[in-house]
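To start, the structure under review is shown below, and the notes come after it.
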Amino acid sequence: VAYRKLGTFDYDAGNESIKLNMTQVSAVVSLPLNDQFKVFGRVGYGFLNVSGASSYNVDNGLIYGAGAQFNVTKNVGIRGEFTRIDRKS
């Protein structure tokens with residue numbers, strides 16, 4: 001389970017601010033390639049909330065993604081991931 005505050009963006013038309021927040025439930029499966037490197041995949045479901053001064057919208061849909069992690073030490077790793085939400089609306 002994750003909550004991601006995706007930030008606030010300024011929208012030029014009408015000087016409006018837009019806020020994006022996402023809540024998701026997903027499973028991650030990883031495949032270690034050696035002691036320092038692993039790849040992983042993610043699948044789940046997410047809820048994307050978009051709000052602004054004049055509107056509010058909620059989208060939800062399937063989440064999927066993939067990534068890799070390099071362990072610099074036993075307790076420190078560098079991770080990169082791409083995650084996408086397929087919106088229903």
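Letters A, B, ... go to the chains of the structure tokens in the order shown; residues in each chain start at 1; ligands are counted from 1 in the same order.
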Taking a cut-off of 10 Å and counting only C-alpha atoms, can you build a table that, for each residue of stretch 57-79 of chain A near stretch 36-43 of chain A, reports the nearest atom pair and how far apart they are in Å (one decimal), sorted by chain then residue number, as JSON lines?
```
{"residue": "A:Leu62", "atom": "CA", "partner": "A:Val43", "partner_atom": "CA", "distance": 7.4}
{"residue": "A:Ile63", "atom": "CA", "partner": "A:Val43", "partner_atom": "CA", "distance": 5.5}
{"residue": "A:Tyr64", "atom": "CA", "partner": "A:Val43", "partner_atom": "CA", "distance": 4.3}
{"residue": "A:Gly65", "atom": "CA", "partner": "A:Arg42", "partner_atom": "CA", "distance": 5.0}
{"residue": "A:Ala66", "atom": "CA", "partner": "A:Gly41", "partner_atom": "CA", "distance": 4.3}
{"residue": "A:Gly67", "atom": "CA", "partner": "A:Phe40", "partner_atom": "CA", "distance": 5.4}
{"residue": "A:Ala68", "atom": "CA", "partner": "A:Val39", "partner_atom": "CA", "distance": 4.2}
{"residue": "A:Gln69", "atom": "CA", "partner": "A:Lys38", "partner_atom": "CA", "distance": 5.4}
{"residue": "A:Phe70", "atom": "CA", "partner": "A:Phe37", "partner_atom": "CA", "distance": 4.6}
{"residue": "A:Asn71", "atom": "CA", "partner": "A:Gln36", "partner_atom": "CA", "distance": 4.7}
{"residue": "A:Val72", "atom": "CA", "partner": "A:Gln36", "partner_atom": "CA", "distance": 7.1}
{"residue": "A:Thr73", "atom": "CA", "partner": "A:Gln36", "partner_atom": "CA", "distance": 8.1}
{"residue": "A:Lys74", "atom": "CA", "partner": "A:Gln36", "partner_atom": "CA", "distance": 8.6}
{"residue": "A:Gly77", "atom": "CA", "partner": "A:Gln36", "partner_atom": "CA", "distance": 8.6}
{"residue": "A:Ile78", "atom": "CA", "partner": "A:Phe37", "partner_atom": "CA", "distance": 9.7}
{"residue": "A:Arg79", "atom": "CA", "partner": "A:Lys38", "partner_atom": "CA", "distance": 9.5}
```
Skipping near chain neighbours, those fewer than 3 positions away, what residues fall within 8 Å of A:Gly7 using only C-alpha atoms, listed as a list in words?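 Neighbouring residues, sequence-local ones excluded: Lys19, Leu20 and Asn21 of chain A.
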Could you save those same residues with N, CA and C atoms as a PDB file, in the first residue's frame?
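Generated file (selection_12.pdb):
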```pdb
ATOM      1  N   LYS A  19      -3.585  20.107  -7.935  1.00  0.00           N
ATOM      2  CA  LYS A  19      -2.925  19.199  -7.006  1.00  0.00           C
ATOM      3  C   LYS A  19      -3.186  17.764  -7.433  1.00  0.00           C
ATOM      4  N   LEU A  20      -2.148  16.933  -7.393  1.00  0.00           N
ATOM      5  CA  LEU A  20      -2.252  15.520  -7.763  1.00  0.00           C
ATOM      6  C   LEU A  20      -1.827  14.657  -6.591  1.00  0.00           C
ATOM      7  N   ASN A  21      -2.660  13.690  -6.226  1.00  0.00           N
ATOM      8  CA  ASN A  21      -2.338  12.719  -5.183  1.00  0.00           C
ATOM      9  C   ASN A  21      -2.768  11.340  -5.660  1.00  0.00           C
TER      10      ASN A  21
END
```
Return the single residue from A:Tyr3, A:Asn49, A:Asn34, A:Asn60 that is closest to A:Ile18, with distances computed using only C-alpha atoms. A:Asn49
Counting only C-alpha atoms, closest pick from A:Ala27, A:Pro32, A:Ser51, A:Phe82 relative to A:Ala2 is A:Ala27
Suppose you want the space between atom CA of A:Gly46 and atom CA of A:Leu33; what is it in Å? 28.9 Å
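Pairwise distance (atom CA of A:Val29, atom CA of A:Arg87) equals 22.8 Å.
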